[in-house]
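Colleague: Pasting upload12.txt below, which is compact mmCIF, C-alpha atoms.
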# COMPACT_ATOMS: atom_id res chain seq x y z
CA MET A 1 2.92 16.76 9.76
CA ALA A 2 2.04 20.39 10.55
CA GLU A 3 -0.07 21.32 13.57
CA ASN A 4 -3.84 21.72 13.61
CA LYS A 5 -4.89 25.17 12.40
CA TYR A 6 -8.44 25.25 13.74
CA HIS A 7 -9.96 25.79 17.18
CA ARG A 8 -13.47 24.44 16.51
CA VAL A 9 -14.69 22.50 13.48
CA LEU A 10 -18.05 21.13 12.41
CA LEU A 11 -18.08 17.85 10.48
CA LYS A 12 -21.09 17.08 8.29
CA LEU A 13 -21.54 13.31 7.90
CA SER A 14 -23.95 11.86 5.36
CA GLY A 15 -26.12 8.94 6.42
CA GLU A 16 -24.48 6.86 3.69
CA SER A 17 -21.23 6.88 5.66
CA PHE A 18 -22.95 4.63 8.24
CA CYS A 19 -23.47 1.76 5.78
CA ARG A 20 -21.74 -0.03 2.93
CA ALA A 21 -22.07 1.35 -0.60
CA GLY A 22 -25.47 0.63 -2.10
CA GLN A 23 -26.88 -0.66 1.20
CA HIS A 24 -29.13 0.77 3.90
CA GLY A 25 -29.28 0.91 7.69
CA ILE A 26 -26.16 0.80 9.86
CA ASP A 27 -23.20 -1.46 9.16
CA GLY A 28 -21.03 -2.10 12.23
CA SER A 29 -17.69 -2.00 10.42
CA ALA A 30 -18.57 1.17 8.48
CA LEU A 31 -19.67 2.83 11.74
CA GLU A 32 -16.48 1.83 13.52
CA SER A 33 -14.36 3.11 10.64
CA ILE A 34 -16.04 6.53 10.79
CA ALA A 35 -15.71 6.64 14.59
CA GLU A 36 -11.98 5.86 14.37
CA ARG A 37 -11.47 8.77 11.96
CA ILE A 38 -13.33 11.13 14.30
CA ALA A 39 -11.33 9.95 17.32
CA GLU A 40 -8.14 10.61 15.32
CA ILE A 41 -9.05 14.21 14.53
CA CYS A 42 -9.95 14.84 18.19
CA LYS A 43 -6.35 13.91 19.05
CA VAL A 44 -5.10 16.50 16.55
CA GLY A 45 -6.57 19.21 18.76
CA PRO A 46 -9.75 20.95 17.54
CA GLN A 47 -13.09 20.91 19.31
CA VAL A 48 -15.37 18.75 17.15
CA ALA A 49 -19.11 19.08 16.50
CA ILE A 50 -20.85 16.71 14.09
CA VAL A 51 -24.11 16.98 12.16
CA VAL A 52 -25.40 13.63 10.94
CA GLY A 53 -27.68 12.92 8.00
CA ALA A 54 -30.14 10.05 7.59
CA GLY A 55 -29.83 8.97 3.95
CA ASN A 56 -29.01 5.41 5.07
CA PHE A 57 -32.61 5.18 6.33
CA LEU A 58 -34.67 7.68 4.32
CA ARG A 59 -34.65 11.13 2.77
CA GLY A 60 -37.79 13.04 3.64
CA LYS A 61 -38.31 14.71 0.25
CA THR A 62 -37.73 11.53 -1.76
CA PHE A 63 -39.81 9.38 0.59
CA SER A 64 -42.68 11.84 0.38
CA GLU A 65 -42.56 11.82 -3.43
CA THR A 66 -42.65 8.01 -3.61
CA SER A 67 -45.31 7.41 -0.94
CA HIS A 68 -48.54 8.86 0.43
CA ILE A 69 -46.68 10.42 3.37
CA PRO A 70 -46.87 14.24 3.45
CA ARG A 71 -43.52 16.06 3.23
CA ASN A 72 -43.86 17.46 6.77
CA THR A 73 -44.23 13.99 8.29
CA ALA A 74 -41.56 12.46 6.03
CA ASP A 75 -39.07 15.13 7.11
CA TYR A 76 -39.79 14.51 10.80
CA MET A 77 -39.24 10.79 10.17
CA GLY A 78 -35.85 11.71 8.70
CA MET A 79 -35.05 13.77 11.81
CA LEU A 80 -35.78 10.73 13.99
CA ALA A 81 -33.48 8.66 11.78
CA THR A 82 -30.62 11.13 12.39
CA ILE A 83 -31.03 10.47 16.12
CA ILE A 84 -30.61 6.72 15.51
CA ASN A 85 -27.35 7.43 13.63
CA ALA A 86 -26.18 9.89 16.30
CA CYS A 87 -26.73 7.46 19.18
CA ALA A 88 -24.98 4.65 17.30
CA LEU A 89 -22.00 6.95 16.63
CA GLN A 90 -21.92 8.11 20.26
CA GLU A 91 -21.73 4.58 21.63
CA THR A 92 -19.00 3.63 19.15
CA LEU A 93 -16.93 6.74 19.89
CA GLU A 94 -17.17 6.18 23.65
CA LYS A 95 -15.97 2.59 23.25
CA LEU A 96 -12.90 4.12 21.62
CA GLY A 97 -12.44 6.33 24.69
CA GLN A 98 -13.78 9.57 23.19
CA GLU A 99 -16.35 11.26 25.44
CA THR A 100 -19.41 12.27 23.41
CA ARG A 101 -22.81 13.91 23.80
CA VAL A 102 -25.84 13.82 21.48
CA LEU A 103 -27.94 16.99 21.34
CA SER A 104 -31.14 16.99 19.32
CA ALA A 105 -33.27 19.77 17.85
CA ILE A 106 -36.36 17.64 18.54
CA GLU A 107 -37.05 16.32 22.03
CA VAL A 108 -36.24 12.65 22.67
CA PRO A 109 -35.26 12.90 26.37
CA ALA A 110 -34.85 9.14 26.85
CA MET A 111 -32.00 9.12 24.30
CA CYS A 112 -30.35 12.52 24.13
CA GLU A 113 -30.17 16.10 25.35
CA GLY A 114 -32.03 18.96 23.72
CA PHE A 115 -29.91 21.30 21.60
CA ILE A 116 -29.08 24.47 23.49
CA ARG A 117 -26.26 26.56 22.06
CA ARG A 118 -24.53 27.30 25.38
CA ARG A 119 -24.80 23.66 26.47
CA ALA A 120 -23.28 22.46 23.18
CA ILE A 121 -20.39 24.93 23.52
CA ARG A 122 -19.79 23.80 27.11
CA HIS A 123 -19.53 20.17 25.98
CA LEU A 124 -17.05 21.19 23.27
CA GLU A 125 -14.96 23.18 25.74
CA ARG A 126 -14.76 20.10 27.97
CA GLY A 127 -13.30 18.04 25.14
CA ARG A 128 -16.47 16.14 24.26
CA VAL A 129 -17.60 15.51 20.70
CA ALA A 130 -21.03 17.11 20.26
CA ILE A 131 -23.20 15.15 17.83
CA LEU A 132 -26.04 17.37 16.65
CA ALA A 133 -29.11 15.39 15.61
CA GLY A 134 -32.69 16.14 14.60
CA GLY A 135 -31.69 18.51 11.79
CA THR A 136 -32.88 22.06 12.38
CA GLY A 137 -36.01 20.70 14.07
CA ASN A 138 -38.12 21.95 11.15
CA PRO A 139 -39.34 20.26 7.95
CA PHE A 140 -38.19 21.44 4.50
CA PHE A 141 -34.59 22.01 5.66
CA THR A 142 -31.79 19.56 4.84
CA THR A 143 -29.01 18.47 7.16
CA ASP A 144 -26.57 20.45 4.96
CA THR A 145 -28.45 23.62 5.90
CA CYS A 146 -28.45 22.42 9.50
CA ALA A 147 -24.66 21.98 9.36
CA ALA A 148 -24.18 25.55 8.14
CA LEU A 149 -26.61 26.85 10.77
CA ARG A 150 -24.92 24.99 13.65
CA ALA A 151 -21.45 25.99 12.43
CA SER A 152 -22.61 29.62 12.54
CA GLU A 153 -24.26 29.25 15.97
CA LEU A 154 -21.24 27.54 17.51
CA ASP A 155 -18.67 29.94 16.01
CA ALA A 156 -16.92 27.13 14.12
CA ASP A 157 -13.72 28.02 12.24
CA LEU A 158 -14.37 25.41 9.55
CA LEU A 159 -17.14 23.25 8.12
CA ILE A 160 -16.01 19.92 6.67
CA LYS A 161 -18.43 18.24 4.28
CA ALA A 162 -17.45 14.55 4.33
CA THR A 163 -18.41 12.77 1.10
CA LYS A 164 -17.57 9.71 -0.99
CA VAL A 165 -15.88 11.80 -3.73
CA LEU A 166 -12.57 13.68 -3.67
CA GLY A 167 -14.13 17.14 -3.65
CA VAL A 168 -16.23 19.45 -5.81
CA TYR A 169 -16.29 18.67 -9.55
CA SER A 170 -17.52 20.62 -12.56
CA ASP A 171 -19.86 17.69 -13.28
CA ASP A 172 -20.79 14.31 -11.81
CA PRO A 173 -17.50 12.33 -11.83
CA GLU A 174 -19.40 9.04 -11.83
CA THR A 175 -21.06 9.78 -15.17
CA ASN A 176 -18.52 12.17 -16.72
CA PRO A 177 -14.88 10.97 -16.61
CA ASP A 178 -13.76 14.41 -17.87
CA ALA A 179 -15.27 16.24 -14.89
CA GLN A 180 -12.79 18.74 -13.41
CA LEU A 181 -11.92 18.63 -9.71
CA PHE A 182 -11.66 22.10 -8.19
CA GLU A 183 -9.02 22.78 -5.53
CA LYS A 184 -10.52 26.12 -4.50
CA LEU A 185 -13.79 27.95 -5.15
CA SER A 186 -15.53 31.02 -3.81
CA TYR A 187 -19.00 30.80 -2.30
CA ASP A 188 -20.32 32.90 -5.19
CA GLU A 189 -18.76 30.59 -7.78
CA VAL A 190 -20.52 27.62 -6.21
CA LEU A 191 -23.83 29.49 -6.33
CA THR A 192 -23.40 30.91 -9.86
CA ARG A 193 -22.23 27.62 -11.37
CA LYS A 194 -25.05 25.82 -9.53
CA LEU A 195 -22.63 23.20 -8.22
CA ARG A 196 -24.69 20.73 -6.20
CA ILE A 197 -22.28 19.78 -3.46
CA MET A 198 -24.43 21.49 -0.79
CA ASP A 199 -27.74 23.31 -0.68
CA HIS A 200 -27.50 26.91 -1.78
CA SER A 201 -28.97 28.02 1.55
CA ALA A 202 -26.07 26.25 3.32
CA ILE A 203 -23.48 27.92 1.06
CA SER A 204 -25.11 31.33 1.60
CA LEU A 205 -25.10 30.88 5.39
CA CYS A 206 -21.39 30.02 5.40
CA ARG A 207 -20.63 32.96 3.10
CA ASP A 208 -22.57 35.39 5.30
CA ASN A 209 -20.72 34.17 8.41
CA ASP A 210 -17.34 33.75 6.69
CA ILE A 211 -17.02 30.04 7.53
CA PRO A 212 -14.70 28.20 5.10
CA ILE A 213 -15.90 24.83 3.79
CA ILE A 214 -13.70 21.88 2.86
CA VAL A 215 -15.32 19.12 0.81
CA LEU A 216 -13.35 15.86 0.94
CA ASN A 217 -13.52 12.08 0.77
CA ILE A 218 -13.87 10.76 4.31
CA PHE A 219 -13.19 7.18 3.21
CA GLU A 220 -9.54 7.95 2.41
CA LYS A 221 -7.74 7.51 5.72
CA GLY A 222 -6.03 10.60 7.07
CA ASN A 223 -7.83 13.07 4.78
CA ILE A 224 -9.54 15.05 7.55
CA THR A 225 -6.40 15.22 9.69
CA LYS A 226 -4.38 16.48 6.71
CA ALA A 227 -7.01 19.11 5.92
CA LEU A 228 -6.98 20.31 9.54
CA CYS A 229 -3.22 20.70 9.33
CA GLY A 230 -3.43 22.90 6.23
CA GLU A 231 -2.61 20.38 3.51
CA GLN A 232 -4.42 20.66 0.17
CA ILE A 233 -7.14 18.01 0.41
CA GLY A 234 -10.39 18.06 -1.54
CA THR A 235 -11.96 21.42 -2.40
CA LYS A 236 -11.85 24.53 -0.22
CA ILE A 237 -14.70 27.02 -0.52
CA VAL A 238 -13.90 30.52 0.77
CA THR A 239 -14.37 34.20 0.03
CA LYS A 240 -12.19 35.34 -2.86
Using structure tokens, write down the structure that the file contains.

Modeller:
Amino acid sequence: MAENKYHRVLLKLSGESFCRAGQHGIDGSALESIAERIAEICKVGPQVAIVVGAGNFLRGKTFSETSHIPRNTADYMGMLATIINACALQETLEKLGQETRVLSAIEVPAMCEGFIRRRAIRHLERGRVAILAGGTGNPFFTTDTCAALRASELDADLLIKATKVLGVYSDDPETNPDAQLFEKLSYDEVLTRKLRIMDHSAISLCRDNDIPIIVLNIFEKGNITKALCGEQIGTKIVTK
């Protein structure tokens, strides 16, 4: 296998990767499986930052629409849920021997450090995985947008969007068997075609800061490592 081509990468993990399909909360075996994949890519060489979602607990927008909870409060509840996921991932990674730090955009000093750009970079330079929790610290922003923001702040060479599908499709592959899988797209194509793999604000941020995005299936073992070594895995989104 070829060598790693990236110095610093940001991995965006959905909350659903912390549980079994169709379930909620945190499943121990699913968590361990994700942690093993992250530990593997650390051995390949790049500095690794991670932004975690909270869909395994709740999504602020959806929860607000189906309850009497205002969107602001629902989004802050989601931010707290990302901290639960981040701490669970930290403990699992450290049991595998990978030093890790959790940094949050909202203050929970008993559980994690506050996010400060220079502190996060220092952790990365010392070989620690930096798990970035609490979203952007503001309501009305998704963790996809947070991932693009943190990738820009930390001067990441690559943003990996880890999903349950092979990459970006022309349509939903679960409902349309004829949906086309794209190997490569430009940021503008994603925006013009209204492909819903990430928020448009996240795509725009990556375009403006020239950060390539790779969308891949994290559940297929070795996918992330192969992508880091330059193999064609999933869909790559770049400037054309």

Colleague: List as a list of chain:residue names the protein and nucleic acid residues near Ile34 (chain A), meaning an atom at most 10 Å away when all atoms listed in the file are counted, but skip any in the same chain fewer than 6 places from it.

Modeller: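 Surrounding residues, per the criterion: A:Leu13, A:Ser17, A:Phe18, A:Glu40, A:Leu89, A:Thr92, A:Leu93, A:Ile218, A:Phe219, A:Lys221.
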
Colleague: With all atoms listed in the file as the basis for distance, which of A:Glu94, A:Phe141, A:Glu113, A:Cys42 is at the shortest distance from Tyr76 (chain A)?

Modeller: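 Of the candidates, the smallest distance to Tyr76 (chain A) is held by A:Phe141.
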
Colleague: Could you check how far CA of Glu183 (chain A) sits from CA of Ser204 (chain A), in Å to one decimal?

Modeller: 19.6 Å

Colleague: Which residues come within 9 Å of Ile203 (chain A), counting all atoms listed in the file, excluding same-chain residues fewer than 5 positions away, as a tab-separated table (two decimals) with C-alpha atoms, in the coordinates of the input?

Modeller:
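Once written, out.tsv looks like this:
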chain	number	residue	atom	x	y	z
A	144	ASP	CA	-26.57	20.45	4.96
A	145	THR	CA	-28.45	23.62	5.90
A	148	ALA	CA	-24.18	25.55	8.14
A	187	TYR	CA	-19.00	30.80	-2.30
A	188	ASP	CA	-20.32	32.90	-5.19
A	190	VAL	CA	-20.52	27.62	-6.21
A	191	LEU	CA	-23.83	29.49	-6.33
A	198	MET	CA	-24.43	21.49	-0.79
A	208	ASP	CA	-22.57	35.39	5.30
A	213	ILE	CA	-15.90	24.83	3.79
A	237	ILE	CA	-14.70	27.02	-0.52

Colleague: Find the distance between CA of Leu124 (chain A) and CA of Ser104 (chain A) and write it in Å to one decimal.

Modeller: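 A separation of 15.2 Å between them.
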
Colleague: Neighbours of Ile41 (chain A) within 10 Å (only C-alpha atoms; same-chain residues fewer than 6 positions away dropped), as a JSON list (two decimals) with C-alpha atoms, keeping the file's coordinate frame?

Modeller:
[["chain", "number", "residue", "atom", "x", "y", "z"],
["A", 4, "ASN", "CA", -3.84, 21.72, 13.61],
["A", 47, "GLN", "CA", -13.09, 20.91, 19.31],
["A", 48, "VAL", "CA", -15.37, 18.75, 17.15],
["A", 222, "GLY", "CA", -6.03, 10.60, 7.07],
["A", 223, "ASN", "CA", -7.83, 13.07, 4.78],
["A", 224, "ILE", "CA", -9.54, 15.05, 7.55],
["A", 225, "THR", "CA", -6.40, 15.22, 9.69],
["A", 226, "LYS", "CA", -4.38, 16.48, 6.71],
["A", 228, "LEU", "CA", -6.98, 20.31, 9.54]]

Colleague: So, with all atoms listed in the file as the atoms that count, which of A:Ala179, A:Glu16, A:Asn209, A:Val168 lies closest to Leu149 (chain A)?

Modeller: A:Asn209
